[in-house]
Amino acid sequence: MNFNFKEFKRFEKQIIIKKIGIEGQKKIRKAKILIIGVGGLGCPLLTYLAASGIGHVGIVDSDKVEISNLNRQILFNNNDLNKYKVLQAKAQVKKIYKNIKIKTFKSRLTFKNIKSILKNYEIICDGTDNYETRYLINDFCKKNKKILISAAISRFDGHLFKFNFTKKGPCYRCFMPEQPALENNCETEGIFSPVAGVMGSLQANEVLKTVLNLKSDLNTNMLIFNSLKMSLRTAKISVNKNCVNKCIR
């Protein structure tokens, strides 16, 4: 897999970084990433992955663009209203990096279709806004030894998780064993739009670090962002011996 001069110049500022280089850029181009949810998180995540040279991306979302999305879903504008997010996002991202290969899944992720959608991707990015889908993604990735990088946002706060299910360790159910009675998401609690940009960018950062095999402190931790205090901190997620996924070391 060789780079022509134009490709080299495009990604020159990454390639000159000692921990990336030509070989690292080749890894980025070869990687296969799936993004579930093209919303406040998925838009900046997809934008930065494309700009960095990721070669293969799948995007999953059944929704159409609504006017209330436009304060934070940066790939869309008024011309996209009432059109499917995955189709509009693909068109916009192709303008960023025309060589990216994007497969769209214009459907809601379910128990019936999750295997067919996730099977060809190495790293799964969860940007969904409901617990039922998060548990579904977590359980499938755990069972099939995928790498799951998940983010969640609400009001002024954001959380980022990485679960490397190719190794033993905790899962999302270890952190939250039971589904809360109330959904905590943008729809019910609102969202400060820069939080979506920050967390989607951090999600992209973690994806690229994983592709490049760079050391990550999030393998057994979650990152917590508070935009009012301008604080970032990590908290350890321990294996729950009673986890239904049997996450025992």
# chains A, B, ... in the order shown; residues from 1 in each chain; ligands from 1
call {"tool": "closest_atom_pairs", "arguments": {"of": "region 36-123 of chain A", "to": "region 12-31 of chain A", "cutoff": "6 Å", "atoms": "only C-alpha atoms", "output": "Markdown table"}}
result
| residue | atom | partner | partner_atom | distance |
| --- | --- | --- | --- | --- |
| A:Gly53 | CA | A:Arg29 | CA | 5.6 |
| A:Ile54 | CA | A:Arg29 | CA | 4.6 |
| A:Gly55 | CA | A:Arg29 | CA | 4.2 |
call {"tool": "write_last_selection", "arguments": {"atoms": "C-alpha atoms", "output": "PDB file, in the first residue's frame"}}
result
ATOM      1  CA  GLY A  53      -7.257   9.534   6.383  1.00  0.00           C
ATOM      2  CA  ILE A  54      -9.323   6.608   7.691  1.00  0.00           C
ATOM      3  CA  GLY A  55     -10.022   4.456   4.648  1.00  0.00           C
TER       4      GLY A  55
END
call {"tool": "residues_around", "arguments": {"residues": "Ile147 (chain A)", "least_positions_apart": "4", "cutoff": "7 Å", "atoms": "only C-alpha atoms", "output": "ChimeraX atom specification"}}
result
/A:122-124,141,163-166
call {"tool": "write_last_selection", "arguments": {"atoms": "C-alpha atoms", "output": "JSON list (two decimals), in the first residue's frame"}}
result
[["chain", "number", "residue", "atom", "x", "y", "z"],
["A", 122, "GLU", "CA", -12.66, -3.83, 13.84],
["A", 123, "ILE", "CA", -13.51, -0.84, 16.02],
["A", 124, "ILE", "CA", -17.08, 0.04, 16.96],
["A", 141, "CYS", "CA", -18.91, -6.48, 21.10],
["A", 163, "PHE", "CA", -13.57, -1.47, 26.15],
["A", 164, "ASN", "CA", -10.99, -3.69, 24.48],
["A", 165, "PHE", "CA", -12.86, -6.96, 24.35],
["A", 166, "THR", "CA", -9.91, -8.74, 22.74]]
call {"tool": "select_by_dssp", "arguments": {"residues": "region 2-245 of chain A", "states": "alpha helix (DSSP H)", "output": "JSON, numbers by chain"}}
result
{"A": [5, 6, 7, 8, 9, 10, 12, 13, 14, 15, 21, 22, 23, 24, 25, 26, 27, 28, 29, 30, 42, 43, 44, 45, 46, 47, 48, 49, 50, 51, 52, 85, 86, 87, 88, 89, 90, 91, 92, 93, 94, 95, 96, 114, 115, 116, 117, 118, 131, 132, 133, 134, 135, 136, 137, 138, 139, 140, 141, 142, 143, 144, 172, 173, 174, 175, 186, 187, 188, 189, 193, 194, 195, 196, 197, 198, 199, 200, 201, 202, 203, 204, 205, 206, 207, 208, 209, 210, 211]}
call {"tool": "closest_residue", "arguments": {"among": "A:Ala50, A:Lys215, A:Gln179, A:Lys167", "to": "Ile96 (chain A)", "atoms": "only C-alpha atoms"}}
result
A:Ala50
call {"tool": "residues_around", "arguments": {"residues": "Arg173 (chain A)", "least_positions_apart": "2", "cutoff": "9 Å", "atoms": "only C-alpha atoms", "output": "ChimeraX atom specification"}}
result
/A:135,138-139,170-171,175-178,240,243-245
call {"tool": "write_last_selection", "arguments": {"atoms": "C-alpha atoms", "output": "CSV table (one decimal), in the first residue's frame"}}
result
chain,number,residue,atom,x,y,z
A,135,TYR,CA,-26.4,-2.5,26.1
A,138,ASN,CA,-21.9,-3.7,24.4
A,139,ASP,CA,-23.1,-7.3,24.7
A,170,PRO,CA,-14.9,-4.8,32.4
A,171,CYS,CA,-17.8,-3.9,30.1
A,175,PHE,CA,-20.3,0.3,35.1
A,176,MET,CA,-24.1,0.3,34.8
A,177,PRO,CA,-25.6,-3.1,35.6
A,178,GLU,CA,-29.2,-2.1,35.2
A,240,ASN,CA,-18.3,-6.6,38.4
A,243,CYS,CA,-22.0,-8.9,35.5
A,244,VAL,CA,-24.3,-10.8,33.2
A,245,ASN,CA,-21.5,-10.9,30.6
call {"tool": "closest_residue", "arguments": {"among": "A:Leu34, A:Val207, A:Ile149, A:Cys174", "to": "Lys241 (chain A)", "atoms": "only C-alpha atoms"}}
result
A:Cys174
call {"tool": "residues_around", "arguments": {"residues": "Val86 (chain A)", "least_positions_apart": "4", "cutoff": "8 Å", "atoms": "only C-alpha atoms", "output": "number ranges by chain"}}
result
A: 38, 59-62, 90, 104-106
call {"tool": "select_by_dssp", "arguments": {"residues": "region 113-145 of chain A", "states": "strand (DSSP E or B)", "output": "ChimeraX atom specification"}}
result
/A:123-126
call {"tool": "write_last_selection", "arguments": {"atoms": "N, CA and C atoms", "output": "compact mmCIF listing (two decimals), in the first residue's frame"}}
result
# COMPACT_ATOMS: atom_id res chain seq x y z
N ILE A 123 -13.26 -1.75 14.90
CA ILE A 123 -13.51 -0.84 16.02
C ILE A 123 -14.93 -0.29 15.88
N ILE A 124 -15.69 -0.41 16.95
CA ILE A 124 -17.08 0.04 16.96
C ILE A 124 -17.19 1.30 17.80
N CYS A 125 -17.79 2.35 17.25
CA CYS A 125 -17.97 3.62 17.96
C CYS A 125 -19.45 3.82 18.26
N ASP A 126 -19.77 3.89 19.53
CA ASP A 126 -21.16 4.06 19.95
C ASP A 126 -21.41 5.52 20.28
call {"tool": "closest_residue", "arguments": {"among": "A:Asn4, A:Arg72, A:Leu148, A:Pro180", "to": "Tyr131 (chain A)", "atoms": "only C-alpha atoms"}}
result
A:Pro180
call {"tool": "closest_residue", "arguments": {"among": "A:Tyr48, A:Tyr97, A:Phe11, A:Phe225", "to": "Ala152 (chain A)", "atoms": "only C-alpha atoms"}}
result
A:Phe225
call {"tool": "closest_residue", "arguments": {"among": "A:Lys115, A:Lys32, A:Lys142, A:Lys85", "to": "Lys101 (chain A)", "atoms": "only C-alpha atoms"}}
result
A:Lys32
call {"tool": "residues_around", "arguments": {"residues": "Leu223 (chain A)", "least_positions_apart": "2", "cutoff": "9 Å", "atoms": "only C-alpha atoms", "output": "list of chain:residue names"}}
result
A:Gly158, A:His159, A:Leu160, A:Phe161, A:Leu218, A:Asn221, A:Phe225, A:Leu232, A:Arg233, A:Thr234, A:Ala235
call {"tool": "write_last_selection", "arguments": {"atoms": "N, CA and C atoms", "output": "compact mmCIF listing (two decimals), in the first residue's frame"}}
result
# COMPACT_ATOMS: atom_id res chain seq x y z
N GLY A 158 -19.82 15.19 29.61
CA GLY A 158 -19.59 14.12 28.67
C GLY A 158 -18.79 12.99 29.30
N HIS A 159 -19.00 11.77 28.81
CA HIS A 159 -18.28 10.59 29.27
C HIS A 159 -17.73 9.84 28.07
N LEU A 160 -16.54 9.28 28.23
CA LEU A 160 -15.91 8.50 27.16
C LEU A 160 -15.40 7.18 27.75
N PHE A 161 -15.71 6.09 27.06
CA PHE A 161 -15.31 4.76 27.50
C PHE A 161 -14.56 4.04 26.37
N LEU A 218 -7.44 4.53 28.85
CA LEU A 218 -8.88 4.33 28.96
C LEU A 218 -9.29 2.86 28.91
N ASN A 221 -10.67 2.51 32.26
CA ASN A 221 -11.11 3.77 32.86
C ASN A 221 -12.14 4.45 31.97
N PHE A 225 -15.80 14.60 31.39
CA PHE A 225 -15.57 16.00 31.03
C PHE A 225 -16.69 16.87 31.58
N LEU A 232 -11.19 17.67 33.18
CA LEU A 232 -11.14 16.32 32.65
C LEU A 232 -10.57 15.42 33.74
N ARG A 233 -11.25 14.32 34.00
CA ARG A 233 -10.71 13.38 34.98
C ARG A 233 -11.04 11.96 34.54
N THR A 234 -10.30 11.00 35.06
CA THR A 234 -10.58 9.61 34.75
C THR A 234 -11.05 8.89 36.00
N ALA A 235 -11.87 7.89 35.81
CA ALA A 235 -12.35 7.05 36.92
C ALA A 235 -12.24 5.59 36.49
call {"tool": "atom_distance", "arguments": {"atom1": "CA of Gly127 (chain A)", "atom2": "CA of Gly37 (chain A)"}}
result
5.0 Å
call {"tool": "closest_residue", "arguments": {"among": "A:Phe111, A:Phe192, A:Phe76, A:Phe156", "to": "Ala91 (chain A)", "atoms": "only C-alpha atoms"}}
result
A:Phe76
call {"tool": "residues_around", "arguments": {"residues": "Asn79 (chain A)", "least_positions_apart": "6", "cutoff": "12 Å", "atoms": "only C-alpha atoms", "output": "MDAnalysis selection string"}}
result
chainID A and resid 65:67 70 85 88 92
call {"tool": "write_last_selection", "arguments": {"atoms": "C-alpha atoms", "output": "short mmCIF file (atom, residue, chain, number, x, y, z; two decimals), in the first residue's frame"}}
result
data_model
loop_
_atom_site.label_atom_id
_atom_site.label_comp_id
_atom_site.auth_asym_id
_atom_site.auth_seq_id
_atom_site.Cartn_x
_atom_site.Cartn_y
_atom_site.Cartn_z
CA VAL A 65 -32.19 15.64 9.85
CA GLU A 66 -34.40 17.86 12.02
CA ILE A 67 -34.02 21.56 12.66
CA LEU A 70 -28.45 21.87 13.70
CA LYS A 85 -28.55 11.64 8.07
CA GLN A 88 -26.18 13.63 3.86
CA GLN A 92 -20.37 15.97 3.13
#
call {"tool": "residues_around", "arguments": {"residues": "Ser154 (chain A)", "least_positions_apart": "3", "cutoff": "12 Å", "atoms": "only C-alpha atoms", "output": "ChimeraX atom specification"}}
result
/A:40-41,129-130,151,157-159,183-196,199,224-227
